[in-house]
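What's in start.csv: CSV, C-alpha atoms
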chain,number,residue,atom,x,y,z
A,183,MET,CA,-173.5,-58.0,215.0
A,184,GLN,CA,-171.8,-56.9,211.7
A,185,ALA,CA,-169.8,-59.3,209.6
A,186,ARG,CA,-167.8,-58.6,206.4
A,187,VAL,CA,-167.0,-61.4,204.0
A,188,HIS,CA,-164.1,-60.9,201.5
A,189,ILE,CA,-164.3,-63.2,198.5
A,190,SER,CA,-161.4,-63.6,196.2
A,191,LEU,CA,-160.4,-65.9,193.3
A,192,LYS,CA,-157.9,-68.5,194.4
A,193,PRO,CA,-154.3,-68.1,193.2
A,194,GLY,CA,-154.0,-69.5,189.7
A,195,VAL,CA,-157.6,-68.9,188.7
A,196,LEU,CA,-157.7,-66.7,185.7
A,197,ASP,CA,-159.2,-63.3,186.5
A,198,PRO,CA,-159.9,-61.5,183.2
A,199,GLN,CA,-161.7,-58.7,185.1
A,200,GLY,CA,-158.6,-58.0,187.2
A,201,GLN,CA,-156.5,-58.1,184.1
A,202,ALA,CA,-158.7,-55.5,182.4
A,203,VAL,CA,-158.5,-53.2,185.5
A,204,GLU,CA,-154.8,-53.7,185.5
A,205,SER,CA,-154.4,-52.6,181.9
A,206,ALA,CA,-156.7,-49.6,182.4
A,207,LEU,CA,-154.7,-48.5,185.4
A,208,LYS,CA,-151.5,-48.8,183.4
A,209,ARG,CA,-153.1,-46.7,180.6
A,210,LEU,CA,-153.8,-44.1,183.2
A,211,GLY,CA,-150.1,-44.0,184.0
A,212,PHE,CA,-150.1,-46.1,187.2
A,213,ASN,CA,-147.0,-47.9,186.1
A,214,GLY,CA,-146.3,-49.2,189.6
A,215,VAL,CA,-149.1,-51.7,189.4
A,216,ALA,CA,-147.6,-55.3,189.1
A,217,SER,CA,-151.0,-57.1,189.1
A,218,VAL,CA,-154.7,-56.7,190.0
A,219,ARG,CA,-157.1,-59.3,191.3
A,220,GLN,CA,-160.7,-58.4,191.7
A,221,GLY,CA,-163.0,-59.9,194.4
A,222,LYS,CA,-166.1,-58.9,196.2
A,223,VAL,CA,-167.1,-57.8,199.7
A,224,ILE,CA,-170.4,-58.8,201.3
A,225,ASP,CA,-171.6,-57.1,204.4
A,226,LEU,CA,-174.0,-58.9,206.7
A,227,ASP,CA,-176.1,-57.6,209.6
A,228,LEU,CA,-176.6,-60.5,211.9
A,229,LYS,CA,-179.0,-61.2,214.8
A,230,ALA,CA,-176.2,-63.1,216.6
A,231,THR,CA,-174.7,-61.4,219.7
A,232,ASP,CA,-171.9,-63.9,220.2
A,233,LYS,CA,-168.8,-63.5,218.0
A,234,ALA,CA,-167.9,-67.2,217.8
A,235,ALA,CA,-171.5,-68.1,216.9
A,236,ALA,CA,-171.6,-65.3,214.3
A,237,LYS,CA,-168.4,-66.6,212.7
A,238,ALA,CA,-169.6,-70.2,212.7
A,239,GLU,CA,-172.9,-69.1,211.0
A,240,VAL,CA,-171.1,-67.0,208.4
A,241,THR,CA,-168.7,-69.8,207.7
A,242,LYS,CA,-171.7,-72.0,206.9
A,243,MET,CA,-173.1,-69.3,204.6
A,244,CYS,CA,-169.8,-69.1,202.7
A,245,GLU,CA,-169.6,-72.8,202.3
A,246,SER,CA,-173.2,-73.2,201.1
A,247,LEU,CA,-173.8,-70.1,199.0
A,248,LEU,CA,-171.6,-67.0,199.3
A,249,ALA,CA,-168.4,-68.5,197.8
A,250,ASN,CA,-167.8,-71.3,195.3
A,251,THR,CA,-164.8,-72.9,196.8
A,252,VAL,CA,-163.9,-74.5,193.5
A,253,MET,CA,-162.6,-71.2,192.4
A,254,GLU,CA,-162.9,-68.8,195.4
A,255,SER,CA,-161.6,-68.4,198.9
A,256,TYR,CA,-163.2,-66.3,201.6
A,257,ALA,CA,-162.1,-64.5,204.7
A,258,ILE,CA,-164.6,-63.5,207.4
A,259,GLU,CA,-164.3,-60.4,209.6
A,260,ILE,CA,-166.6,-60.0,212.6
A,261,LEU,CA,-166.8,-56.3,213.0
A,262,GLY,CA,-168.7,-56.4,216.3
B,121,MET,CA,-190.9,-90.5,177.5
B,122,THR,CA,-191.9,-87.8,179.9
B,123,PRO,CA,-189.6,-84.8,180.0
B,124,VAL,CA,-189.8,-81.9,182.5
B,125,VAL,CA,-188.3,-78.5,181.9
B,126,ILE,CA,-187.5,-76.4,185.0
B,127,VAL,CA,-188.3,-72.7,184.7
B,128,PHE,CA,-186.3,-70.2,186.9
B,129,PRO,CA,-186.9,-66.5,187.0
B,130,GLY,CA,-184.7,-65.2,184.2
B,131,SER,CA,-184.7,-68.5,182.2
B,132,ASN,CA,-185.0,-67.5,178.5
B,133,CYS,CA,-184.4,-70.7,176.6
B,134,ASP,CA,-187.1,-72.8,178.4
B,135,ARG,CA,-189.4,-72.5,175.4
B,136,ASP,CA,-186.6,-73.1,172.9
B,137,VAL,CA,-185.7,-76.4,174.6
B,138,ALA,CA,-189.4,-77.3,175.0
B,139,ASP,CA,-189.7,-76.8,171.2
B,140,GLY,CA,-186.7,-79.0,170.6
B,141,LEU,CA,-188.1,-81.7,172.7
B,142,ALA,CA,-191.6,-81.3,171.3
B,143,ALA,CA,-190.3,-81.6,167.7
B,144,ALA,CA,-188.7,-84.9,168.6
B,145,LEU,CA,-191.4,-86.2,170.9
B,146,GLY,CA,-194.6,-85.0,169.2
B,147,ARG,CA,-196.0,-83.4,172.4
B,148,ARG,CA,-195.0,-80.6,174.8
B,149,PRO,CA,-192.9,-81.3,177.9
B,150,GLN,CA,-194.2,-80.3,181.2
B,151,MET,CA,-192.8,-77.0,182.6
B,152,VAL,CA,-192.1,-76.8,186.3
B,153,TRP,CA,-191.7,-73.5,188.2
B,154,HIS,CA,-188.5,-73.2,190.3
B,155,ALA,CA,-190.5,-72.5,193.5
B,156,ASP,CA,-192.2,-75.9,193.3
B,157,SER,CA,-190.7,-78.5,195.5
B,158,GLU,CA,-192.5,-81.4,193.7
B,159,ILE,CA,-191.6,-82.6,190.2
B,160,PRO,CA,-194.1,-84.9,188.4
B,161,LYS,CA,-193.0,-88.4,187.5
B,162,CYS,CA,-190.6,-88.0,184.6
B,163,ASP,CA,-187.6,-89.6,183.0
B,164,LEU,CA,-185.7,-86.5,181.9
B,165,ILE,CA,-185.2,-83.2,183.7
B,166,VAL,CA,-183.9,-80.2,181.6
B,167,LEU,CA,-182.4,-77.0,183.1
B,168,PRO,CA,-182.6,-74.4,180.3
B,169,GLY,CA,-180.4,-71.5,179.4
B,170,GLY,CA,-181.0,-67.9,180.5
B,171,PHE,CA,-179.9,-65.6,183.3
B,172,SER,CA,-181.6,-67.1,186.4
B,173,TYR,CA,-181.8,-64.5,189.1
B,174,GLY,CA,-179.9,-62.0,186.9
B,175,ASP,CA,-176.7,-64.0,187.4
B,176,TYR,CA,-176.5,-62.3,190.8
B,177,LEU,CA,-173.7,-63.5,193.1
B,178,ARG,CA,-172.4,-66.0,190.5
B,179,SER,CA,-174.1,-67.4,187.4
B,180,GLY,CA,-176.4,-70.2,188.6
B,181,ALA,CA,-175.6,-69.8,192.3
B,182,ILE,CA,-178.9,-68.7,193.5
B,183,ALA,CA,-180.9,-71.0,191.2
B,184,ALA,CA,-178.9,-73.9,192.5
B,185,HIS,CA,-180.6,-73.3,195.9
B,186,SER,CA,-184.1,-73.0,194.6
B,187,PRO,CA,-186.7,-75.2,196.2
B,188,VAL,CA,-187.0,-77.4,193.1
B,189,MET,CA,-183.3,-78.2,193.1
B,190,GLU,CA,-183.5,-80.4,196.2
B,191,GLU,CA,-185.9,-82.6,194.2
B,192,VAL,CA,-183.7,-82.4,191.1
B,193,LYS,CA,-180.8,-83.6,193.1
B,194,ARG,CA,-182.8,-86.5,194.6
B,195,ARG,CA,-184.0,-87.6,191.1
B,196,ALA,CA,-180.5,-87.3,189.7
B,197,GLU,CA,-179.2,-89.5,192.5
B,198,ALA,CA,-181.9,-92.0,191.6
B,199,GLY,CA,-180.6,-92.1,188.1
B,200,VAL,CA,-183.0,-89.8,186.2
B,201,PRO,CA,-181.1,-88.2,183.4
B,202,VAL,CA,-180.6,-84.4,183.8
B,203,LEU,CA,-179.6,-82.1,181.0
B,204,GLY,CA,-178.3,-78.5,181.7
B,205,ILE,CA,-177.8,-76.1,178.8
B,206,CYS,CA,-175.8,-72.9,179.2
B,207,ASN,CA,-177.2,-71.4,182.5
B,208,GLY,CA,-178.5,-74.9,183.2
B,209,PHE,CA,-174.9,-76.1,183.1
B,210,GLN,CA,-173.8,-73.3,185.4
B,211,ILE,CA,-176.6,-74.3,187.8
B,212,LEU,CA,-175.6,-78.0,187.8
B,213,THR,CA,-172.0,-77.1,188.7
B,214,GLU,CA,-173.2,-74.8,191.5
B,215,ALA,CA,-175.5,-77.5,192.8
B,216,GLY,CA,-172.6,-80.0,192.9
B,217,LEU,CA,-174.2,-82.3,190.3
B,218,LEU,CA,-171.3,-81.7,187.9
B,219,PRO,CA,-167.6,-81.0,188.5
B,220,GLY,CA,-165.9,-77.7,187.8
B,221,VAL,CA,-167.2,-74.1,187.5
B,222,LEU,CA,-167.9,-71.7,184.6
B,223,LEU,CA,-165.7,-68.6,185.0
B,224,ARG,CA,-166.1,-65.3,183.2
B,225,ASN,CA,-165.0,-65.7,179.5
B,226,ALA,CA,-161.2,-65.2,179.1
B,227,GLY,CA,-161.8,-62.4,176.6
B,228,LEU,CA,-164.2,-60.7,179.0
B,229,GLY,CA,-166.8,-60.3,176.2
B,230,PHE,CA,-170.2,-61.9,175.8
B,231,VAL,CA,-169.7,-64.6,173.1
B,232,CYS,CA,-172.6,-65.2,170.7
B,233,ARG,CA,-171.7,-67.3,167.7
B,234,TRP,CA,-171.8,-70.7,166.1
B,235,THR,CA,-169.1,-73.2,167.4
B,236,HIS,CA,-167.9,-76.5,166.2
B,237,LEU,CA,-167.8,-79.3,168.8
B,238,ARG,CA,-166.2,-82.7,168.9
B,239,VAL,CA,-168.4,-85.4,170.3
B,240,GLU,CA,-166.2,-87.2,172.8
B,241,ARG,CA,-168.3,-90.3,173.3
B,242,ALA,CA,-171.4,-91.8,171.8
B,243,ASP,CA,-172.2,-94.4,174.4
B,244,THR,CA,-174.5,-92.2,176.5
B,245,VAL,CA,-178.3,-91.6,176.6
B,246,PHE,CA,-177.6,-88.0,175.3
B,247,THR,CA,-175.0,-88.7,172.6
B,248,ALA,CA,-175.8,-92.2,171.2
B,249,GLY,CA,-177.1,-90.6,168.0
B,250,TYR,CA,-173.7,-89.2,167.2
B,251,THR,CA,-170.5,-91.1,166.6
B,252,ALA,CA,-167.4,-90.5,168.8
B,253,GLY,CA,-165.2,-87.9,167.2
B,254,GLN,CA,-168.0,-86.5,165.1
B,255,VAL,CA,-168.0,-82.7,164.6
B,256,VAL,CA,-171.3,-81.0,165.3
B,257,ARG,CA,-172.3,-77.3,165.1
B,258,PHE,CA,-174.2,-75.6,168.0
B,259,PRO,CA,-174.2,-71.9,168.8
B,260,VAL,CA,-173.0,-70.4,172.1
B,261,ALA,CA,-174.3,-67.3,173.8
B,262,HIS,CA,-172.7,-66.7,177.2
B,263,HIS,CA,-170.6,-64.4,179.3
B,264,ASP,CA,-169.5,-67.1,181.8
B,265,GLY,CA,-168.6,-70.2,179.9
B,266,ASN,CA,-164.9,-70.6,180.7
B,267,PHE,CA,-164.8,-74.1,182.2
B,268,PHE,CA,-162.3,-74.3,185.1
B,269,THR,CA,-161.4,-76.8,187.7
B,270,ASP,CA,-158.4,-77.6,189.9
B,271,PRO,CA,-155.7,-79.8,188.2
B,272,ALA,CA,-156.6,-83.0,190.2
B,273,THR,CA,-160.3,-82.8,189.2
B,274,LEU,CA,-159.4,-82.0,185.6
B,275,LYS,CA,-157.2,-85.1,185.5
B,276,ARG,CA,-160.0,-87.2,187.1
B,277,ILE,CA,-162.7,-86.1,184.6
B,278,GLU,CA,-160.4,-86.6,181.7
B,279,GLY,CA,-159.4,-90.0,183.0
B,280,GLU,CA,-162.9,-91.1,183.7
B,281,GLY,CA,-164.1,-90.0,180.3
B,282,GLN,CA,-166.5,-87.3,181.6
B,283,VAL,CA,-165.8,-84.8,178.8
B,284,ALA,CA,-168.8,-84.8,176.6
B,285,PHE,CA,-168.0,-82.1,174.0
B,286,ARG,CA,-164.9,-80.0,173.1
B,287,TYR,CA,-164.7,-76.9,171.1
B,288,CYS,CA,-162.9,-77.7,167.8
B,289,THR,CA,-162.3,-76.4,164.3
B,290,ALA,CA,-164.6,-77.3,161.5
B,291,SER,CA,-162.3,-80.2,160.7
B,292,GLY,CA,-162.4,-81.5,164.3
B,293,GLU,CA,-159.0,-80.2,165.5
B,294,VAL,CA,-159.2,-79.3,169.2
B,295,ALA,CA,-157.2,-76.1,168.7
B,296,ARG,CA,-156.7,-72.9,170.8
B,297,GLU,CA,-158.3,-70.7,168.1
B,298,ALA,CA,-161.5,-72.8,168.2
B,299,ASN,CA,-161.9,-72.1,172.0
B,300,PRO,CA,-164.4,-69.2,172.4
B,301,ASN,CA,-164.0,-68.6,176.1
B,302,GLY,CA,-160.7,-70.0,177.5
B,303,SER,CA,-162.2,-73.3,178.8
B,304,LEU,CA,-159.6,-75.7,180.1
B,305,ASN,CA,-158.8,-78.4,177.4
B,306,ASN,CA,-161.5,-76.8,175.2
B,307,ILE,CA,-164.2,-78.4,177.3
B,308,ALA,CA,-167.7,-77.4,176.2
B,309,GLY,CA,-169.7,-80.0,178.1
B,310,VAL,CA,-169.2,-82.6,180.9
B,311,PHE,CA,-170.9,-85.6,182.3
B,312,ASN,CA,-171.2,-86.8,185.9
B,313,GLU,CA,-169.4,-90.0,186.7
B,314,GLN,CA,-172.4,-92.1,185.8
B,315,ARG,CA,-172.9,-90.1,182.6
B,316,SER,CA,-176.6,-89.6,183.6
B,317,VAL,CA,-176.1,-85.8,184.0
B,318,LEU,CA,-174.8,-83.7,181.1
B,319,GLY,CA,-174.1,-80.0,181.2
B,320,LEU,CA,-172.9,-78.0,178.1
B,321,MET,CA,-172.5,-74.4,177.3
B,322,PRO,CA,-173.5,-74.6,173.6
B,323,HIS,CA,-177.2,-74.7,172.7
B,324,PRO,CA,-178.6,-77.8,170.9
B,325,ASP,CA,-181.9,-76.0,171.5
B,326,ARG,CA,-180.8,-73.3,169.1
B,327,ALA,CA,-179.8,-75.9,166.4
B,328,PHE,CA,-182.7,-78.3,165.9
B,329,ASP,CA,-184.2,-76.8,162.7
B,330,ARG,CA,-182.8,-75.6,159.5
B,331,ALA,CA,-184.6,-72.3,160.0
B,332,LEU,CA,-182.4,-71.7,163.0
B,333,GLY,CA,-179.3,-72.1,160.9
B,334,GLY,CA,-178.5,-75.7,161.8
B,335,GLU,CA,-180.1,-79.0,162.9
B,336,ASP,CA,-177.3,-80.9,164.6
B,337,GLY,CA,-179.1,-80.5,167.9
B,338,LYS,CA,-182.1,-82.4,166.7
B,339,VAL,CA,-180.1,-85.7,167.0
B,340,LEU,CA,-179.6,-85.1,170.8
B,341,PHE,CA,-183.3,-84.6,171.4
B,342,ARG,CA,-184.3,-87.5,169.1
B,343,THR,CA,-181.8,-89.7,170.8
B,344,LEU,CA,-183.2,-88.9,174.3
B,345,VAL,CA,-186.7,-89.6,173.1
B,346,GLU,CA,-185.6,-93.0,171.6
B,347,LYS,CA,-183.4,-94.0,174.5
B,348,LEU,CA,-186.0,-93.0,177.2
B,349,ALA,CA,-189.0,-94.4,175.4
B,350,ALA,CA,-191.0,-96.1,178.1

Would you kindly transcribe this structure into structure tokens?
Amino acid sequence: MQARVHISLKPGVLDPQGQAVESALKRLGFNGVASVRQGKVIDLDLKATDKAAAKAEVTKMCESLLANTVMESYAIEILG
Amino acid sequence: MTPVVIVFPGSNCDRDVADGLAAALGRRPQMVWHADSEIPKCDLIVLPGGFSYGDYLRSGAIAAHSPVMEEVKRRAEAGVPVLGICNGFQILTEAGLLPGVLLRNAGLGFVCRWTHLRVERADTVFTAGYTAGQVVRFPVAHHDGNFFTDPATLKRIEGEGQVAFRYCTASGEVAREANPNGSLNNIAGVFNEQRSVLGLMPHPDRAFDRALGGEDGKVLFRTLVEKLAA
């Protein structure tokens, strides 16, 4: 089973990388950009065959290692 | 006093801090590899600076789950003092032994320079050799040193006196221009609630000899040796 974890900085957490990307986009003429936040995507190939079990397992992974919940939030997609 | 220095793959200040301790102690500390799950009997554990695991995922995140860290946590809970410098500080926050997190520097750049720090309290095993309010000079060398936490935690650590060092000007003013990385309240180092665990971004291990450009860090190592003398 495939799972995808989206990790993003929580609102209010300074994102200097996102700000740098935002200013580079504006320099390129993309003036419609109001703001940029940068995160990461982690793809997992799991042995689990049950969606609920896979989600529970990935949630534990996020809480223990994949995300630091002091500054990051995560969203889990079970792709099947 | 029997200190132990933990070595992770990618640690690069393990020998520096061992030299700093050896200069104060008169003998070398024992080095313990991260894959070991046993730590010899000791009264101080040091997590050195560097780039453990290449800073993959987040600085300190993977090292915080090394086999040795379970034992570091047990010893810390039993009251053994733990000192984390730079990457060691990042590892301690990731391991949950210290509050907060070290974000990417606000200016995005790697900052490598001398900083002035105000010692916030001198009643701890680490800082008893200084006086509260004293200004010391340690260098920083980091990309992720921007101390951050949610407002409630910040209020708590300020209220409980858990701030160890703040970036300041040479005259001791905690000013915005003295902040090298955007850290909240200019925080450069924090204690746990019991003040038995200290993490700081600046390097006392790069400031213990005049040949290194400064020796304010010597006091920290000497104080640990004196306070922990068995």

Seminar exercise, completed: Using only C-alpha atoms, the best pick from B:Val256, B:Val137, B:Leu237, B:Leu274 as closest to chain A would be B:Leu274

Exercise. In Å, with one decimal, what is the gap from atom CA of A:Ile224 to atom CA of B:Gly229?
Worked result: 25.4 Å

For this session: Excluding A:Pro198 and residues on its chain fewer than 3 positions from it, collect all residues at most 12 Å away from it, counting all atoms listed in the file, and give them as a list in words.
Result: Leu191, Gly194, Val195, Gln201, Ala202, Val203, Glu204, Ser205, Ser217, Val218, Arg219, Gln220 and Gly221 of chain A; Leu223, Arg224, Asn225, Ala226, Gly227, Leu228, Gly229, His263, Asp264, Asn266, Asn301 and Gly302 of chain B

Exercise. At what distance in Å, to one decimal, does atom CA of B:Gly333 lie from atom CA of B:Thr122?
Worked result: 27.7 Å

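Around A:Met183, within 12 Å and counting all atoms listed in the file, the residues found are Asp225, Leu226, Asp227, Leu228, Lys229, Ala230, Thr231, Asp232, Lys233, Ala234, Ala235, Ala236, Lys237, Glu239, Val240, Glu259, Ile260, Leu261 and Gly262 of chain A, once anything fewer than 4 positions away on its own chain is removed.
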
Exercise. In Å, with one decimal, what is the gap from atom CA of B:Ala196 to atom CA of B:Ile159?
Worked result: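 Taking atom CA of B:Ala196 as the start and atom CA of B:Ile159 as the end point, the length is 12.1 Å.
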
Chain B residues near chain A within 12 Å, closest pair each, using only C-alpha atoms, as a Markdown table:
| residue | atom | partner | partner_atom | distance |
| --- | --- | --- | --- | --- |
| B:Tyr176 | CA | A:Leu248 | CA | 10.9 |
| B:Leu177 | CA | A:Leu248 | CA | 7.4 |
| B:Arg178 | CA | A:Asn250 | CA | 8.5 |
| B:Ser179 | CA | A:Asn250 | CA | 10.8 |
| B:Gly180 | CA | A:Leu247 | CA | 10.7 |
| B:Ala181 | CA | A:Leu247 | CA | 6.9 |
| B:Ile182 | CA | A:Leu247 | CA | 7.6 |
| B:Ala183 | CA | A:Leu247 | CA | 10.6 |
| B:Ala184 | CA | A:Leu247 | CA | 9.1 |
| B:His185 | CA | A:Leu247 | CA | 8.1 |
| B:Ser186 | CA | A:Leu247 | CA | 11.6 |
| B:Gln210 | CA | A:Asn250 | CA | 11.7 |
| B:Ile211 | CA | A:Asn250 | CA | 11.9 |
| B:Thr213 | CA | A:Asn250 | CA | 9.7 |
| B:Glu214 | CA | A:Asn250 | CA | 7.5 |
| B:Ala215 | CA | A:Ser246 | CA | 9.6 |
| B:Gly216 | CA | A:Asn250 | CA | 10.2 |
| B:Leu218 | CA | A:Val252 | CA | 11.7 |
| B:Pro219 | CA | A:Val252 | CA | 9.0 |
| B:Gly220 | CA | A:Val252 | CA | 6.8 |
| B:Val221 | CA | A:Val252 | CA | 6.9 |
| B:Leu222 | CA | A:Met253 | CA | 9.4 |
| B:Leu223 | CA | A:Leu196 | CA | 8.3 |
| B:Arg224 | CA | A:Pro198 | CA | 7.3 |
| B:Asn225 | CA | A:Pro198 | CA | 7.6 |
| B:Ala226 | CA | A:Pro198 | CA | 5.7 |
| B:Gly227 | CA | A:Pro198 | CA | 6.9 |
| B:Leu228 | CA | A:Pro198 | CA | 6.1 |
| B:Gly229 | CA | A:Pro198 | CA | 9.9 |
| B:His263 | CA | A:Pro198 | CA | 11.8 |
| B:Asp264 | CA | A:Pro198 | CA | 11.2 |
| B:Asn266 | CA | A:Leu196 | CA | 9.6 |
| B:Phe267 | CA | A:Met253 | CA | 10.8 |
| B:Phe268 | CA | A:Met253 | CA | 7.9 |
| B:Thr269 | CA | A:Val252 | CA | 6.7 |
| B:Asp270 | CA | A:Val252 | CA | 7.3 |
| B:Pro271 | CA | A:Gly194 | CA | 10.5 |
| B:Ala272 | CA | A:Val252 | CA | 11.7 |
| B:Thr273 | CA | A:Val252 | CA | 10.0 |
| B:Leu274 | CA | A:Val252 | CA | 11.8 |
| B:Asn301 | CA | A:Pro198 | CA | 10.8 |
| B:Gly302 | CA | A:Leu196 | CA | 9.3 |
| B:Ser303 | CA | A:Leu196 | CA | 10.6 |
| B:Leu304 | CA | A:Leu196 | CA | 10.8 |

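A distance cut-off of 9 Å around (-165.3, -85.7, 169.9), counting all atoms listed in the file, selects these protein and nucleic acid residues: Leu237, Arg238, Val239, Glu240, Arg241, Ala242, Thr251, Ala252, Gly253, Gln254, Val255, Val256, Val283, Ala284, Phe285, Arg286, Tyr287, Cys288, Gly292 and Val294 of chain B.
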
Exercise. Looking at all atoms listed in the file, which of A:Lys192, A:Arg186, A:Arg209, A:Lys242 is the one that sits closest to A:Glu254?
Worked result: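 Distance minimum relative to A:Glu254 lands on A:Lys192.
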
Problem set entry | Contacts of B:Cys162 at 8 Å (only C-alpha atoms; same-chain gap of 2+ positions) as a PyMOL selection string | chain B and resi 121-124+159-160+164-165+200

For this session: Just the residues within 12 Å of B:Pro201, please, counting all atoms listed in the file, with nothing from its chain fewer than 3 positions along; format it as a ChimeraX atom specification.
Result: /B:121-124,162-167,192-198,204,217,244-246,311-312,314-319,344-345,347-348

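Neighbouring residues of B:Gly169 at 7 Å or closer, counting only C-alpha atoms and skipping chain neighbours under 4 positions away, are Ser131, Asn132, Cys133, Asp134, Ile205, Cys206, Asn207 and Gly208 of chain B.
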
Seminar exercise, completed: One residue among B:Glu278, B:Glu158, B:Asp175, B:Glu313 is nearest to B:Gly199 when using all atoms listed in the file, and that residue is B:Glu313
